[in-house]
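Text of protein_31.txt (compact mmCIF, C-alpha atoms) as supplied:
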# COMPACT_ATOMS: atom_id res chain seq x y z
CA MET V 86 88.75 91.74 99.47
CA ARG V 87 86.58 94.69 98.53
CA ALA V 88 86.20 97.03 95.53
CA PHE V 89 84.46 100.38 95.37
CA VAL V 90 82.66 100.86 92.03
CA PHE V 91 81.19 104.03 90.54
CA PRO V 92 78.20 104.22 88.16
CA GLY V 93 78.05 105.74 84.71
CA GLN V 94 75.56 107.61 82.59
CA GLY V 95 71.95 106.49 82.83
CA ALA V 96 71.90 106.34 86.64
CA GLN V 97 70.90 109.99 87.02
CA THR V 98 67.70 110.96 88.85
CA ILE V 99 66.38 114.28 90.10
CA GLY V 100 67.15 114.60 93.80
CA MET V 101 70.13 112.23 93.82
CA GLY V 102 72.57 113.02 96.60
CA LYS V 103 70.30 115.57 98.31
CA ALA V 104 69.75 113.47 101.44
CA LEU V 105 73.50 112.87 101.68
CA ALA V 106 74.19 116.61 101.37
CA ASP V 107 71.61 117.37 104.07
CA ALA V 108 73.01 114.74 106.44
CA TYR V 109 76.75 115.22 105.89
CA PRO V 110 78.51 118.60 105.57
CA ALA V 111 81.39 116.86 103.75
CA ALA V 112 78.93 115.59 101.13
CA ARG V 113 77.42 119.04 100.64
CA ALA V 114 80.93 120.45 100.25
CA VAL V 115 81.43 118.21 97.20
CA PHE V 116 78.41 119.72 95.44
CA ASP V 117 79.58 123.22 96.40
CA GLU V 118 83.03 122.48 94.99
CA VAL V 119 81.60 121.17 91.71
CA ASP V 120 79.31 124.21 91.41
CA ALA V 121 82.29 126.51 91.95
CA ALA V 122 84.49 124.63 89.48
CA LEU V 123 81.83 124.87 86.76
CA GLY V 124 80.70 128.37 87.66
CA GLU V 125 77.05 127.36 87.82
CA ASP V 126 74.39 125.92 90.10
CA LEU V 127 74.62 122.31 88.94
CA SER V 128 73.42 121.09 92.34
CA GLY V 129 70.21 123.06 91.85
CA LEU V 130 69.63 121.23 88.59
CA ILE V 131 70.42 117.87 90.21
CA TRP V 132 68.02 118.39 93.11
CA ASP V 133 65.21 120.52 91.67
CA GLY V 134 65.66 120.65 87.90
CA ASP V 135 64.11 118.91 84.91
CA ILE V 136 65.20 115.35 84.19
CA ALA V 137 65.58 116.17 80.48
CA ASP V 138 68.15 118.85 81.33
CA LEU V 139 69.94 116.61 83.82
CA THR V 140 70.11 113.81 81.26
CA LEU V 141 72.01 115.98 78.78
CA THR V 142 75.46 114.44 78.56
CA THR V 143 77.19 117.69 79.45
CA ASN V 144 75.23 117.85 82.75
CA ALA V 145 74.82 114.16 83.58
CA GLN V 146 78.54 113.42 83.62
CA PRO V 147 79.66 115.94 86.28
CA ALA V 148 76.38 115.46 88.19
CA LEU V 149 76.86 111.71 88.58
CA MET V 150 80.47 112.21 89.60
CA ALA V 151 79.43 114.76 92.23
CA THR V 152 76.85 112.37 93.66
CA SER V 153 79.39 109.54 93.82
CA LEU V 154 82.00 111.69 95.55
CA ALA V 155 79.39 113.00 97.99
CA ALA V 156 78.58 109.40 98.93
CA MET V 157 82.30 108.68 99.29
CA ARG V 158 82.72 111.67 101.60
CA ALA V 159 79.76 110.47 103.70
CA LEU V 160 81.45 107.09 104.09
CA GLU V 161 84.69 108.82 105.06
CA ALA V 162 82.84 110.91 107.64
CA GLU V 163 81.77 107.63 109.25
CA GLY V 164 85.30 106.28 109.24
CA VAL V 165 85.33 104.23 106.02
CA GLY V 166 87.93 105.66 103.67
CA ILE V 167 89.33 104.63 100.31
CA ASP V 168 91.88 102.47 102.15
CA ARG V 169 89.08 99.99 102.89
CA ALA V 170 89.03 99.09 99.19
CA SER V 171 91.63 97.01 97.38
CA TYR V 172 90.53 98.39 94.00
CA VAL V 173 88.30 101.08 92.55
CA ALA V 174 86.57 100.96 89.18
CA GLY V 175 83.94 102.95 87.34
CA HIS V 176 81.74 102.47 84.29
CA SER V 177 82.72 104.97 81.55
CA LEU V 178 82.43 108.40 83.23
CA GLY V 179 82.41 106.49 86.52
CA GLU V 180 86.11 105.88 86.00
CA TYR V 181 86.66 109.60 86.58
CA ALA V 182 84.74 109.35 89.87
CA ALA V 183 86.88 106.35 90.82
CA LEU V 184 90.05 108.31 90.11
CA ALA V 185 88.83 111.28 92.15
CA ALA V 186 87.82 109.02 95.03
CA ALA V 187 91.29 107.49 94.98
CA GLY V 188 92.95 110.90 95.01
CA ALA V 189 94.39 110.74 91.49
CA LEU V 190 92.30 113.74 90.39
CA SER V 191 90.96 116.70 92.34
CA ILE V 192 87.18 117.07 92.44
CA ALA V 193 87.37 120.46 90.71
CA ASP V 194 89.55 119.13 87.89
CA THR V 195 87.29 116.08 87.53
CA ALA V 196 84.19 118.26 87.22
CA ARG V 197 85.80 120.44 84.56
CA LEU V 198 87.14 117.42 82.67
CA LEU V 199 83.72 115.77 82.63
CA ARG V 200 82.06 118.97 81.42
CA ILE V 201 84.58 119.11 78.56
CA ARG V 202 84.15 115.37 77.92
CA GLY V 203 80.38 115.63 77.81
CA GLN V 204 80.42 118.58 75.43
CA ALA V 205 83.05 117.00 73.19
CA MET V 206 81.19 113.69 72.98
CA GLN V 207 77.94 115.49 72.20
CA GLU V 208 79.53 117.61 69.48
CA ALA V 209 81.55 114.82 67.84
CA VAL V 210 78.57 113.50 65.86
CA PRO V 211 75.58 115.57 64.66
CA VAL V 212 72.36 114.67 66.48
CA GLY V 213 70.50 111.94 64.62
CA GLU V 214 73.52 110.53 62.78
CA GLY V 215 74.65 108.16 65.52
CA ALA V 216 72.93 105.57 67.69
CA MET V 217 73.47 102.94 70.36
CA ALA V 218 71.57 99.71 70.95
CA ALA V 219 71.47 97.16 73.75
CA ILE V 220 71.72 93.52 72.71
CA LEU V 221 70.43 91.09 75.33
CA GLY V 222 70.95 87.35 75.35
CA LEU V 223 74.03 87.10 73.11
CA ASP V 224 77.62 86.87 74.32
CA PHE V 225 80.26 89.48 73.56
CA ALA V 226 81.98 87.55 70.76
CA THR V 227 78.67 87.05 68.94
CA VAL V 228 77.70 90.71 69.29
CA ARG V 229 81.13 91.77 68.06
CA ASP V 230 80.55 89.68 64.94
CA VAL V 231 77.06 91.16 64.57
CA ALA V 232 78.50 94.69 64.76
CA GLU V 233 81.18 93.92 62.18
CA ALA V 234 78.59 92.45 59.80
CA ALA V 235 76.31 95.44 60.23
CA ALA V 236 79.18 97.83 59.54
CA ARG V 237 80.10 95.98 56.34
CA GLU V 238 76.54 95.79 55.05
CA SER V 239 75.69 99.41 55.78
CA GLU V 240 79.15 100.83 55.02
CA GLY V 241 78.98 102.67 58.33
CA VAL V 242 80.52 102.39 61.78
CA CYS V 243 79.24 99.80 64.27
CA GLN V 244 81.23 98.50 67.21
CA ALA V 245 80.63 96.55 70.40
CA ALA V 246 80.93 99.47 72.82
CA ASN V 247 79.94 98.24 76.29
CA ASP V 248 80.61 94.67 77.40
CA ASN V 249 78.41 95.00 80.47
CA ASP V 250 77.72 91.43 81.56
CA PRO V 251 77.39 87.94 80.04
CA ALA V 252 74.02 88.71 78.48
CA GLN V 253 74.14 92.47 77.83
CA VAL V 254 76.33 94.12 75.22
CA VAL V 255 75.81 97.61 73.78
CA VAL V 256 76.72 98.48 70.19
CA SER V 257 77.46 101.99 69.00
CA GLY V 258 78.01 103.72 65.68
CA SER V 259 76.27 105.18 62.63
CA LYS V 260 72.49 105.14 62.94
CA GLY V 261 71.91 102.93 59.90
CA ALA V 262 74.59 100.46 60.93
CA VAL V 263 73.27 100.18 64.49
CA GLU V 264 69.73 99.66 63.20
CA ARG V 265 71.05 96.88 60.98
CA ALA V 266 72.88 95.36 63.96
CA VAL V 267 69.57 95.20 65.84
CA GLU V 268 68.05 93.25 62.94
CA ILE V 269 71.00 90.86 62.69
CA ALA V 270 71.05 90.32 66.45
CA LYS V 271 67.40 89.31 66.43
CA GLU V 272 68.13 86.89 63.58
CA LYS V 273 70.95 85.43 65.73
CA GLY V 274 68.53 84.76 68.56
CA ALA V 275 68.93 87.79 70.82
CA LYS V 276 66.28 87.90 73.55
CA ARG V 277 65.96 91.64 72.97
CA ALA V 278 67.69 94.18 70.78
CA LEU V 279 66.62 97.78 71.13
CA LEU V 280 67.84 101.26 70.34
CA LEU V 281 68.79 103.30 73.41
CA PRO V 282 67.62 106.86 74.11
CA VAL V 283 71.08 108.43 73.95
CA SER V 284 72.20 111.67 72.37
CA ALA V 285 75.43 110.39 70.82
CA PRO V 286 77.19 107.11 69.84
CA PHE V 287 79.65 106.74 72.73
CA HIS V 288 82.72 104.48 72.81
CA CYS V 289 83.19 103.98 69.08
CA ALA V 290 85.39 105.36 66.31
CA LEU V 291 82.95 108.21 65.64
CA MET V 292 84.10 109.71 68.96
CA ALA V 293 87.62 110.37 67.59
CA PRO V 294 87.14 114.17 67.61
CA ALA V 295 86.18 113.97 71.29
CA ALA V 296 89.27 111.88 72.03
CA GLU V 297 91.43 114.65 70.55
CA VAL V 298 89.71 117.22 72.77
CA MET V 299 90.26 115.04 75.85
CA ALA V 300 93.90 114.47 75.00
CA GLU V 301 94.42 118.23 75.03
CA ALA V 302 92.36 118.75 78.19
CA LEU V 303 94.09 115.95 80.11
CA ALA V 304 97.54 117.18 79.09
CA GLY V 305 97.12 120.16 81.38
CA ILE V 306 95.77 118.29 84.39
CA GLU V 307 97.82 116.93 87.27
CA ILE V 308 97.21 113.22 87.84
CA ALA V 309 98.61 111.73 91.04
CA THR V 310 99.26 108.09 91.81
CA PRO V 311 95.91 106.78 93.14
CA ALA V 312 95.76 105.63 96.76
CA VAL V 313 94.44 102.26 95.52
CA PRO V 314 94.76 100.81 92.00
CA VAL V 315 92.10 101.77 89.44
CA VAL V 316 90.75 99.01 87.18
CA ALA V 317 90.62 100.83 83.84
CA ASN V 318 87.73 100.30 81.40
CA VAL V 319 89.80 99.77 78.28
CA ALA V 320 92.51 97.67 79.96
CA ALA V 321 90.30 95.52 82.25
CA GLU V 322 93.15 95.46 84.76
CA ALA V 323 94.48 97.66 87.54
CA VAL V 324 96.64 100.68 86.74
CA SER V 325 98.41 103.13 89.04
CA ASP V 326 100.92 104.94 86.84
CA PRO V 327 99.69 108.50 86.16
CA ALA V 328 101.03 108.53 82.59
CA ARG V 329 99.19 105.32 81.75
CA ILE V 330 96.02 106.57 83.43
CA ARG V 331 96.15 109.71 81.27
CA ALA V 332 96.61 107.69 78.07
CA LEU V 333 93.84 105.24 78.93
CA LEU V 334 91.37 108.06 79.66
CA VAL V 335 91.93 109.32 76.11
CA GLU V 336 91.63 105.81 74.69
CA GLN V 337 88.44 105.28 76.69
CA VAL V 338 86.53 107.84 74.58
CA THR V 339 86.62 105.61 71.49
CA GLY V 340 87.39 102.28 73.18
CA ALA V 341 85.00 99.68 74.53
CA VAL V 342 83.99 99.63 78.20
CA ARG V 343 85.23 96.18 79.24
CA TRP V 344 83.12 96.00 82.39
CA ARG V 345 82.51 92.23 82.37
CA GLU V 346 86.23 91.56 82.02
CA SER V 347 87.05 94.16 84.67
CA VAL V 348 84.80 92.46 87.21
CA MET V 349 86.20 89.04 86.27
CA TRP V 350 89.72 90.40 86.72
CA MET V 351 88.90 91.76 90.18
CA ALA V 352 87.27 88.47 91.17
CA ALA V 353 90.40 86.62 90.04
CA GLN V 354 92.46 88.85 92.36
CA GLY V 355 90.23 87.86 95.27
CA VAL V 356 87.50 90.53 95.33
CA THR V 357 84.40 89.09 97.01
CA GLU V 358 82.50 92.30 97.84
CA THR V 359 81.64 95.53 96.03
CA LEU V 360 80.21 98.84 97.19
CA GLU V 361 78.45 100.74 94.38
CA ILE V 362 78.97 104.35 95.42
CA GLY V 363 76.59 106.95 94.00
CA ALA V 364 73.31 106.88 92.10
CA GLY V 365 71.38 103.74 91.23
CA LYS V 366 72.03 100.02 91.35
CA ALA V 367 72.88 99.19 87.73
CA LEU V 368 76.46 98.08 88.35
CA SER V 369 75.44 95.79 91.21
CA GLY V 370 73.01 94.03 88.90
CA MET V 371 75.71 93.58 86.27
CA ILE V 372 78.19 92.30 88.85
CA LYS V 373 75.70 89.70 90.10
CA ARG V 374 75.23 88.44 86.53
CA ILE V 375 79.00 88.29 86.02
CA ASP V 376 79.89 86.52 89.29
CA ARG V 377 77.16 85.45 91.70
CA GLY V 378 79.79 84.89 94.38
CA ILE V 379 80.43 88.61 94.76
CA VAL V 380 78.36 90.31 97.49
CA THR V 381 77.08 93.70 96.28
CA GLN V 382 75.90 96.72 98.23
CA THR V 383 74.84 100.20 97.13
CA VAL V 384 75.69 103.48 98.85
CA GLY V 385 73.50 106.34 97.66
CA THR V 386 71.59 107.51 100.75
CA PRO V 387 72.33 108.10 104.44
CA ASP V 388 70.58 104.82 105.29
CA ASP V 389 72.86 103.05 102.79
CA VAL V 390 75.88 104.61 104.49
CA VAL V 391 74.75 103.27 107.88
CA ALA V 392 74.17 99.81 106.42
CA ALA V 393 77.56 99.81 104.72
CA ILE V 394 79.33 100.83 107.93
CA ALA V 395 77.57 98.02 109.79
CA ASN V 396 78.63 95.46 107.19
CA ILE V 397 82.21 96.64 106.90
CA GLY V 398 82.63 96.96 110.66
Final structure tokens representation of the file:
Amino acid sequence: MRAFVFPGQGAQTIGMGKALADAYPAARAVFDEVDAALGEDLSGLIWDGDIADLTLTTNAQPALMATSLAAMRALEAEGVGIDRASYVAGHSLGEYAALAAAGALSIADTARLLRIRGQAMQEAVPVGEGAMAAILGLDFATVRDVAEAAARESEGVCQAANDNDPAQVVVSGSKGAVERAVEIAKEKGAKRALLLPVSAPFHCALMAPAAEVMAEALAGIEIATPAVPVVANVAAEAVSDPARIRALLVEQVTGAVRWRESVMWMAAQGVTETLEIGAGKALSGMIKRIDRGIVTQTVGTPDDVVAAIANIG
């Protein structure tokens, strides 16, 4: 049993998807469609721009989705469609790419939603007031306790935001509280605890204004039943009902990304293979640390597409 998984923010690189667009007209059409939906040359930024501009949340989110969908279209051009997956899942913004790949959202709507999402998340907290930190070497329950202690001591917000794998949890919240969480985590024996170079504290209560914006934006968007079930971040289980998908996408803005649990859930259903579709290899690394029995493969270049086709048969 196979799952297609889609990366989140942090995977972006200048030039991503360019070789796919050059090799596959269907992949180039994705970038053209995203450019048209946003009314700007986002593909030019992705392929020839400055990494600092691409890394801005408002650009990175639709850019990563476009790259993932371009890779998906390249696979489809070679005869491997979404029906070759039993589940799809994505990390944070990657969930939108998963939904688009499964036909629940149109590419144009997904691009516009991610532009709104990126802007809303950036504007929810003034720059410098929020922070995120990666805690390595402590399990989720311990990091959750660390975050709660830091929030109490600093009288700020600090939450376990990304449960990525058994040894990597990200906390998010008020800058002072997150800094305190780093100190407490080190006292608890964390191998590493470091602040992340992010522009906003994602997936915590401070994102409530962004959740309100997304609730309004999603209310006007048509969501179809996905062709294959989507394993939702905040539920860590498969969903197919459009109304529930809509509600979970709003909840996702402030809720934790339960990636470790999502992968464990898929493994329990019988998933033994994943294709990471889009930029980078971060999810494959996490999946290997969660369940070494799952065979991972990345699809981000034409050579990757050929290799994936050969393996899938």
Inset, instruction - Tell me which protein, DNA and RNA residues are within 12 Å of Thr310 (chain V), counting only C-alpha atoms, leaving out same-chain ones fewer than 2 positions away, and put them as a list in words. - result: Leu184, Ala185, Ala186, Ala187, Gly188, Ala189, Leu190, Ser191, Glu307, Ile308, Ala312, Val313, Pro314, Val315, Val324, Ser325, Asp326, Pro327, Ala328, Arg329, Ile330 and Arg331 of chain V
Legend entry - Distance query Leu127 (chain V) at most 12 Å, only C-alpha atoms, self and fewer than 6 positions along chain excluded, as a PyMOL selection string: chain V and resi 99-100+115-121+133-135+138-139+143-152+196+200
Legend entry - Selection: 10 Å around region 166-169 of chain V, all atoms listed in the file, excl. self and same-chain fewer than 5 positions, as a VMD selection string: chain V and resid 86 to 89 157 to 161 183 186 to 188 311 to 313 397
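CA of Ala332 (chain V) sits 19.4 Å away from CA of Tyr172 (chain V).
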Inset, instruction - Could you give me, as JSON, numbers by chain, the residues within 8 Å of Ala367 (chain V), counting only C-alpha atoms and dropping anything in the same chain fewer than 2 positions from it? - result: {"V": [92, 96, 365, 369, 370, 371]}
Legend entry - Which residue of V:Gly261, V:Gly222, V:Pro286, V:Gly95 approaches Gly340 (chain V) most closely, using only C-alpha atoms: V:Pro286
Inset, instruction - Could you check which of V:Gly93, V:Gly102, V:Gly378, V:Gly363 is closest to Ala114 (chain V), using only C-alpha atoms? - result: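 Among the listed residues, the smallest separation from Ala114 (chain V) belongs to V:Gly102.
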Inset, instruction - Mind checking which residues fall within 9 Å of Glu233 (chain V), counting all atoms listed in the file, ignoring those fewer than 6 positions away in the same chain, and posting them as a PyMOL selection string? - result: chain V and resi 242-245+266
Inset, instruction - Work out how far apart CA of Thr383 (chain V) and CA of Ile192 (chain V) are and give it in Å to one decimal. - result: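 CA of Ile192 (chain V) lies at a distance of 21.4 Å from CA of Thr383 (chain V).
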Inset, instruction - Measuring atom to atom with all atoms listed in the file, identify which of V:Leu178, V:Ala320, V:Ile362, V:Val231 is nearest to Met101 (chain V). - result: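 Looking at the shortest contact to Met101 (chain V), the residue is V:Ile362.
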